[in-house]
Amino acid sequence: MADVTEQKILDALAEIPYGDGDIVSQGMISGLQVKDGHVSFAVEVDPEHGPKLEPLREKAEKAAHAVPGVLTATVALTAERQTQQDAAAQGSAQGPGAATGCAPGGMPGGEPQILMPGVKSIVAIASGKGGVGKSTTAVNLALALKAEGMKVGLFDADVFGPSIPLMLGVTGQPVQVAPGKIGVLENYGVKCMSIGFMVDADSPVIWRGPMVMSALEQLMRDVEWGQLDVLIVDMPPGTGDVQLTMAQKVPLTGAIIVSTPQDIALIDARKAVDMFNKLGTPIIGMIENMSSQVCSKCGHEEHPFGHGGVAREAEKMGVPLLAELPLHIDVRIASDGGAPIVVSKPASPEAEAFRALARRLIKLGNA
């Protein structure tokens with residue numbers, strides 16, 4: 001495969017005229033990243049022209065695709081670029097905080113397209129804050145569902161902190177399997193896709209919201225998942241662009257909210273539940289993670305983060321408590337080593353907790 005460099009991409013984009021020059025010389029290209037044939041960047045345009053310039057985005061995408069060695073090109077149109085004259089004029093005419101811009105891809109509104117057509121059920125694993133073990137839960141739940149006989153995929157939707165490749169022990173790069181389609185990677189019988197396969201692991205992803213949404217939408221549209229019983233989506237923490245994009249672009253079966261028992265985590269868990277309710281996404285239930293710990297020396301059970309907080313919160317909100325998952329060092333070591341506890345120690349109590357969770361989801365009809 002030909003070596004793809006940023007300069008080669010810029011040279012190709014410089015052939016696209018705009019204004020008195022081209023889209024490169026006009027400073028319209030931002031966030032350019034190139035990794036193993038996967039290219040992503042944004043085309044910044046003046047807000048007042050944004051919705052009209054979708055053809056320009058398409059030209060840029062085709063130009064990048066045409067560079068030898070390029071497998072995928074993720075291109076967003078961001079309506080944030082302004083000339084000094086435009087900024088001055090709009091500042092006086094509209095005042096601070098005036099709304100400008102356009103929908104992801106540069107198109108105002110529009111009907112949502114059908115994404116992931118071969119997937120029967122799509123379950124989002126979410127949390128209001130980071131550090132509650134959401135990704136660990138997502139990985140082990142996916143493997144537990146596989147162990148129960150399901151055809152399972154795992155989609156890492158955390159653009160800024162993708163961790164699924166490490167936890168699932170997946171190495172390699174996605175390859176093109178058909179025009180405009182890239183194949184998934186797989187380990188332990190679970191299919192996987194992550195933005196982490198396409199960006200440099202040592203470089204920060206510095207993207208504006210429209211670029212994030214465009215990258216996610218293209219991954220959802222262009223990845224060939226095949227036939228799946230359930231796709232587990234590891235969402236980023238919080239309530240933002242990714243959650244909004246997922247809820248609007250794919251028919252989510254529902255969301256599972258992961259939280260630890262202490263009050264500080266439950267505050268953000270409530271926000272996550274409220275967000276999905278406003279987006280019309282059903283709440284399948286809540287999980288209390290790190291619910292208890294058994295001392296490895298004396299066998300005494302303790303609750304370092306408290307206990308029962310998620311159960312009480314779930315009861316208040318009228319949603320099921322799906323599981324109380326234990327805190328155990330083996331779970332952390334297994335995940336860091338790319339061999340999650342469900343596959344590395346399938347007979348352990350910790351693995352059985354995830355298997356029980358998987359069986360409950362199947363019984364509820366969500367997987």
# chains A, B, ... in the order shown; residues from 1 in each chain; ligands from 1
>>> residues_around(residues="stretch 186-198 of chain A", least_positions_apart="6", cutoff="7 Å", atoms="only C-alpha atoms", output="list in words")
Lys35, His38, Leu143, Lys146, Val152, Gly153, Leu154, Phe155, Asp156, Ala157, Val159, Pro162, Leu168, Val170 and Gln173 of chain A
>>> atom_distance(atom1="atom CA of A:Val67", atom2="atom CA of A:Met220")
23.1 Å
>>> closest_atom_pairs(of="stretch 118-144 of chain A", to="stretch 272-276 of chain A", cutoff="10 Å", atoms="only C-alpha atoms", output="JSON lines")
{"residue": "A:Ala126", "atom": "CA", "partner": "A:Ala272", "partner_atom": "CA", "distance": 7.5}
{"residue": "A:Ser127", "atom": "CA", "partner": "A:Ala272", "partner_atom": "CA", "distance": 6.3}
{"residue": "A:Gly128", "atom": "CA", "partner": "A:Ala272", "partner_atom": "CA", "distance": 5.0}
{"residue": "A:Lys129", "atom": "CA", "partner": "A:Ala272", "partner_atom": "CA", "distance": 8.8}
>>> write_last_selection(atoms="N, CA and C atoms", output="compact mmCIF listing (two decimals), in the first residue's frame")
# COMPACT_ATOMS: atom_id res chain seq x y z
N ALA A 126 -23.61 3.84 28.94
CA ALA A 126 -23.31 5.25 29.18
C ALA A 126 -23.09 5.52 30.66
N SER A 127 -22.55 6.70 30.93
CA SER A 127 -22.37 7.15 32.31
C SER A 127 -22.36 8.67 32.31
N GLY A 128 -22.71 9.23 33.43
CA GLY A 128 -22.69 10.68 33.53
C GLY A 128 -21.29 11.23 33.71
N LYS A 129 -20.36 10.42 34.22
CA LYS A 129 -19.00 10.88 34.46
C LYS A 129 -18.02 9.75 34.18
>>> closest_residue(among="A:Asp234, A:Glu301, A:Glu313, A:Glu48", to="A:Ser259", atoms="only C-alpha atoms")
A:Glu313
>>> closest_residue(among="A:Ile122, A:Met290, A:Ile29, A:Ala63", to="A:Val250", atoms="only C-alpha atoms")
A:Ile122
>>> atom_distance(atom1="atom CA of A:His328", atom2="atom CA of A:Met150")
26.3 Å
>>> atom_distance(atom1="atom CA of A:Ser25", atom2="atom CA of A:Ala2")
25.5 Å
>>> residues_around(residues="A:Val343", least_positions_apart="3", cutoff="12 Å", atoms="only C-alpha atoms", output="PyMOL selection string")
chain A and resi 139-147+167-169+187-190+331+334-335+337-340+346-348+350-352+354-355
>>> closest_residue(among="A:Lys120, A:Lys8, A:Arg360, A:Lys52", to="A:Ala64", atoms="only C-alpha atoms")
A:Lys8
>>> closest_residue(among="A:Gln33, A:Asn366, A:Thr72, A:Thr281", to="A:Gln248", atoms="only C-alpha atoms")
A:Thr281
